Amino acid sequence: MRQIQRVAVTVLVLCVPGCIAEQAVPASSNQPVSTYVDPSPHRVEMVTVEADVQLEVLDWGGNGRPVVLLAGSGNTAHIYDEFAPELAKYYHVYGITRRGSGASSSPSKGYSVDRQGEDILAVLEALKITRPVLVGHSFAGQEVSWIATKHQDKIAGAAYLDAAYGYAFYDASVGELAFDLPDLQKKLEQFSASRWNVQLIDDLLKDLPSFERELLREKKHLELLKQVPADQGRRSSADMASVAALQAWYAKNMIGGNPPEAELRQSFEINPDGSVGNPRPHPSISPEDARWQKFTGLGVPVLAIFACPVDYGPSIDSHPDLREKIDAYNSEDCEARAKALQKNLPSAHVLLWPHAYHYLFITKPSDTLTELQHFVDNLPQ
């Protein structure tokens with residue numbers, strides 16, 4: 001997932017629920033499910049993080065400072081199957097699949113930011129991984145920020161691959177409807193109960209202009225969604241005839257990359273005849289687990305790369321006017337967030353990559369590797 005308000009455009013333009021996007025892999029794959037062997041050079045270990053809960057951890061080996069890769073929502077650590085071996089030429093690289101995804105346990109509860117952050121800490125402790133650099137893609141930015149805020153002594157740095165949006169770093173000058181709406185609702189309830197609180201009135205007057213700005217932004221977002229053709233980017237039955245066919249669909253729609261086969265097999269049901277079925281189900285998340293947290297300060301060195309504006313690929317090339325509007329909307333949003341992040345964290349290394357695809361490490365692997373190397377190599381020992 002991307003920033004809370006941009007994700008819907010991304011999903012609607014290129015994906016259906018459960019869709020993923022990843023790195024180039026040989027177009028091998030019509031192997032039956034039972035004979036498939038993941039070609040990525042990693043060791044797989046199941047690590048217990050809580051009673052009856054184990055997480056799949058991939059270890060690509062390597063020497064030097066440890067680097068831990070965290071996948072975005074709906075993905076597994078196998079999303080890095082092609083990128084991680086390149087990174088492992090310079091560092092000791094691990095990947096963690098969060099609970100509820102892939103081969104990791106899928107308990108009925110435990111999906112709060114706190115619990116998922118604790119899961120990561122449990123893996124670090126179990127495998128004796130000392131002060132790694134955490135690299136989070138997309139929605140994994142919230143887990144990175146949880147540790148960078150509350151347990152900064154446990155990590156050496158935090159890298160956000162198109163992941164430093166409102167769920168990972170909150171700034172009131174930009175706002176985030178998912179956070180600001182509940183806060184406003186609470187104040188309005190207090191005002192309804194007692195109108196004799198002058199301070200509360202002052203707070204509401206201060207909040208309302210920002211809330212109006214966020215509502216206008218949300219309105220613009222919804223208006224853009226209505227303009228996207230309903231069948232845009234949908235997969236046909238032919239695209240689901242085999243894993244190789246599905247990879248080809250992603251390659252056509254991803255601007256320079258396609259998913260690792262292991263990631264597709266983790267994310268979709270594979271039928272006995274080799275065709276691809278429905279996305280694998282994920283546990284439903286309770287309202288309590290779904291609560292996000294505002295992260296306003298990060299206590300470690302930070303690298304943040306924004307796809308700004310994000311490129312949606314050839315799926316909307318036939319709609320240049322719509323593409324121009326979406327680019328303008330996204331540019332305004334991500335530029336404001338990048339500026340706020342840089343202002344609040346002057347030492348952070350913040351980059352804007354115009355017209356990059358959301359999965360930076362797949363479609364721009366060399367550039368991503370270069371920036372991660374520069375960041376990690378310049379961290380204090």
# chains A, B, ... in the order shown; residues from 1 in each chain; ligands from 1
>>> closest_atom_pairs(of="segment 112-167 of chain A", to="segment 49-69 of chain A", cutoff="8 Å", atoms="only C-alpha atoms", output="tab-separated table")
residue	atom	partner	partner_atom	distance
A:Asp119	CA	A:Val49	CA	5.6
A:Ala122	CA	A:Val49	CA	5.5
A:Val123	CA	A:Val49	CA	6.7
A:Ile129	CA	A:Pro66	CA	6.9
A:Thr130	CA	A:Pro66	CA	7.4
A:Arg131	CA	A:Pro66	CA	7.5
A:Pro132	CA	A:Pro66	CA	4.7
A:Val133	CA	A:Val67	CA	4.8
A:Leu134	CA	A:Val68	CA	5.0
A:Val135	CA	A:Leu69	CA	4.9
A:Gly136	CA	A:Leu69	CA	6.1
>>> select_by_dssp(residues="segment 214-287 of chain A", states="alpha helix (DSSP H)", output="PyMOL selection string")
chain A and resi 214-227+243-253+261-267
>>> write_last_selection(atoms="N, CA and C atoms", output="compact mmCIF listing (two decimals), in the first residue's frame")
# COMPACT_ATOMS: atom_id res chain seq x y z
N GLU A 214 -8.22 19.01 4.24
CA GLU A 214 -8.14 17.57 4.04
C GLU A 214 -9.38 17.03 3.34
N LEU A 215 -10.55 17.59 3.67
CA LEU A 215 -11.77 17.17 3.00
C LEU A 215 -11.73 17.50 1.51
N LEU A 216 -11.22 18.66 1.18
CA LEU A 216 -11.10 19.04 -0.23
C LEU A 216 -10.13 18.11 -0.96
N ARG A 217 -9.05 17.74 -0.27
CA ARG A 217 -8.10 16.81 -0.86
C ARG A 217 -8.76 15.45 -1.09
N GLU A 218 -9.54 14.99 -0.11
CA GLU A 218 -10.23 13.71 -0.25
C GLU A 218 -11.27 13.78 -1.36
N LYS A 219 -11.96 14.90 -1.49
CA LYS A 219 -12.94 15.07 -2.57
C LYS A 219 -12.27 14.96 -3.93
N LYS A 220 -11.13 15.62 -4.07
CA LYS A 220 -10.39 15.57 -5.34
C LYS A 220 -9.96 14.13 -5.64
N HIS A 221 -9.53 13.44 -4.61
CA HIS A 221 -9.13 12.04 -4.76
C HIS A 221 -10.28 11.19 -5.27
N LEU A 222 -11.45 11.33 -4.66
CA LEU A 222 -12.61 10.54 -5.05
C LEU A 222 -13.06 10.90 -6.46
N GLU A 223 -12.97 12.16 -6.82
CA GLU A 223 -13.35 12.58 -8.18
C GLU A 223 -12.43 11.94 -9.21
N LEU A 224 -11.13 11.81 -8.87
CA LEU A 224 -10.20 11.15 -9.78
C LEU A 224 -10.53 9.67 -9.94
N LEU A 225 -10.88 9.04 -8.83
CA LEU A 225 -11.23 7.62 -8.88
C LEU A 225 -12.41 7.37 -9.81
N LYS A 226 -13.38 8.27 -9.78
CA LYS A 226 -14.57 8.10 -10.62
C LYS A 226 -14.23 8.16 -12.10
N GLN A 227 -13.11 8.81 -12.44
CA GLN A 227 -12.74 8.96 -13.85
C GLN A 227 -11.95 7.76 -14.39
N VAL A 243 1.36 -19.26 -13.74
CA VAL A 243 2.18 -18.26 -13.05
C VAL A 243 2.97 -17.45 -14.06
N ALA A 244 3.45 -18.09 -15.10
CA ALA A 244 4.20 -17.37 -16.13
C ALA A 244 3.33 -16.32 -16.81
N ALA A 245 2.06 -16.65 -17.07
CA ALA A 245 1.15 -15.69 -17.69
C ALA A 245 0.89 -14.51 -16.75
N LEU A 246 0.75 -14.80 -15.47
CA LEU A 246 0.53 -13.72 -14.51
C LEU A 246 1.76 -12.83 -14.40
N GLN A 247 2.95 -13.44 -14.42
CA GLN A 247 4.17 -12.64 -14.43
C GLN A 247 4.23 -11.74 -15.65
N ALA A 248 3.83 -12.27 -16.79
CA ALA A 248 3.83 -11.47 -18.01
C ALA A 248 2.88 -10.29 -17.89
N TRP A 249 1.73 -10.51 -17.23
CA TRP A 249 0.78 -9.41 -17.02
C TRP A 249 1.42 -8.32 -16.18
N TYR A 250 2.10 -8.72 -15.11
CA TYR A 250 2.78 -7.73 -14.27
C TYR A 250 3.88 -7.01 -15.03
N ALA A 251 4.66 -7.76 -15.82
CA ALA A 251 5.74 -7.15 -16.58
C ALA A 251 5.20 -6.08 -17.53
N LYS A 252 4.02 -6.33 -18.08
CA LYS A 252 3.41 -5.37 -19.01
C LYS A 252 2.91 -4.14 -18.28
N ASN A 253 2.50 -4.31 -17.05
CA ASN A 253 1.88 -3.20 -16.32
C ASN A 253 2.79 -2.53 -15.30
N GLU A 261 8.60 -15.22 -8.74
CA GLU A 261 7.63 -16.31 -8.78
C GLU A 261 7.23 -16.76 -7.37
N ALA A 262 8.20 -16.82 -6.46
CA ALA A 262 7.89 -17.26 -5.10
C ALA A 262 6.87 -16.33 -4.43
N GLU A 263 6.96 -15.05 -4.74
CA GLU A 263 6.00 -14.10 -4.15
C GLU A 263 4.60 -14.35 -4.68
N LEU A 264 4.49 -14.61 -5.97
CA LEU A 264 3.18 -14.91 -6.53
C LEU A 264 2.60 -16.18 -5.91
N ARG A 265 3.43 -17.17 -5.73
CA ARG A 265 2.95 -18.43 -5.16
C ARG A 265 2.58 -18.27 -3.69
N GLN A 266 3.19 -17.30 -3.01
CA GLN A 266 2.82 -17.02 -1.63
C GLN A 266 1.51 -16.23 -1.57
N SER A 267 1.24 -15.45 -2.58
CA SER A 267 0.13 -14.50 -2.53
C SER A 267 -1.15 -14.98 -3.20
>>> closest_residue(among="A:Asp231, A:Val93, A:Pro260, A:Lys325", to="Thr76 of chain A", atoms="only C-alpha atoms")
A:Pro260
>>> residues_around(residues="Met254 of chain A", least_positions_apart="3", cutoff="8 Å", atoms="only C-alpha atoms", output="PyMOL selection string")
chain A and resi 21+250-251+257-258+312-314+357+363
>>> select_by_dssp(residues="segment 65-215 of chain A", states="strand (DSSP E or B)", output="PyMOL selection string")
chain A and resi 66-70+92-96+133-137+157-161
>>> residues_around(residues="Ala148 of chain A", least_positions_apart="4", cutoff="6 Å", atoms="only C-alpha atoms", output="list of chain:residue names")
A:Gln152, A:Leu298, A:Gly299
>>> atom_distance(atom1="atom CA of Val113 of chain A", atom2="atom CA of Ala304 of chain A")
20.0 Å
>>> atom_distance(atom1="atom CA of Ala71 of chain A", atom2="atom CA of Leu345 of chain A")
24.0 Å
>>> closest_residue(among="A:Ala77, A:Ala156, A:Leu360, A:Val276", to="Phe375 of chain A", atoms="only C-alpha atoms")
A:Ala156
>>> closest_residue(among="A:Arg43, A:Arg280, A:His374, A:Lys294", to="Asp180 of chain A", atoms="only C-alpha atoms")
A:Lys294
>>> residues_around(residues="Gly141 of chain A", least_positions_apart="6", cutoff="6 Å", atoms="only C-alpha atoms", output="list of chain:residue names")
A:Ala163, A:Ala164, A:Ala168
>>> write_last_selection(atoms="C-alpha atoms", output="compact mmCIF listing (two decimals), in the first residue's frame")
# COMPACT_ATOMS: atom_id res chain seq x y z
CA ALA A 163 6.94 4.42 2.68
CA ALA A 164 7.25 7.73 4.57
CA ALA A 168 4.87 6.47 9.02
>>> atom_distance(atom1="atom CA of Tyr167 of chain A", atom2="atom CA of Glu125 of chain A")
25.6 Å
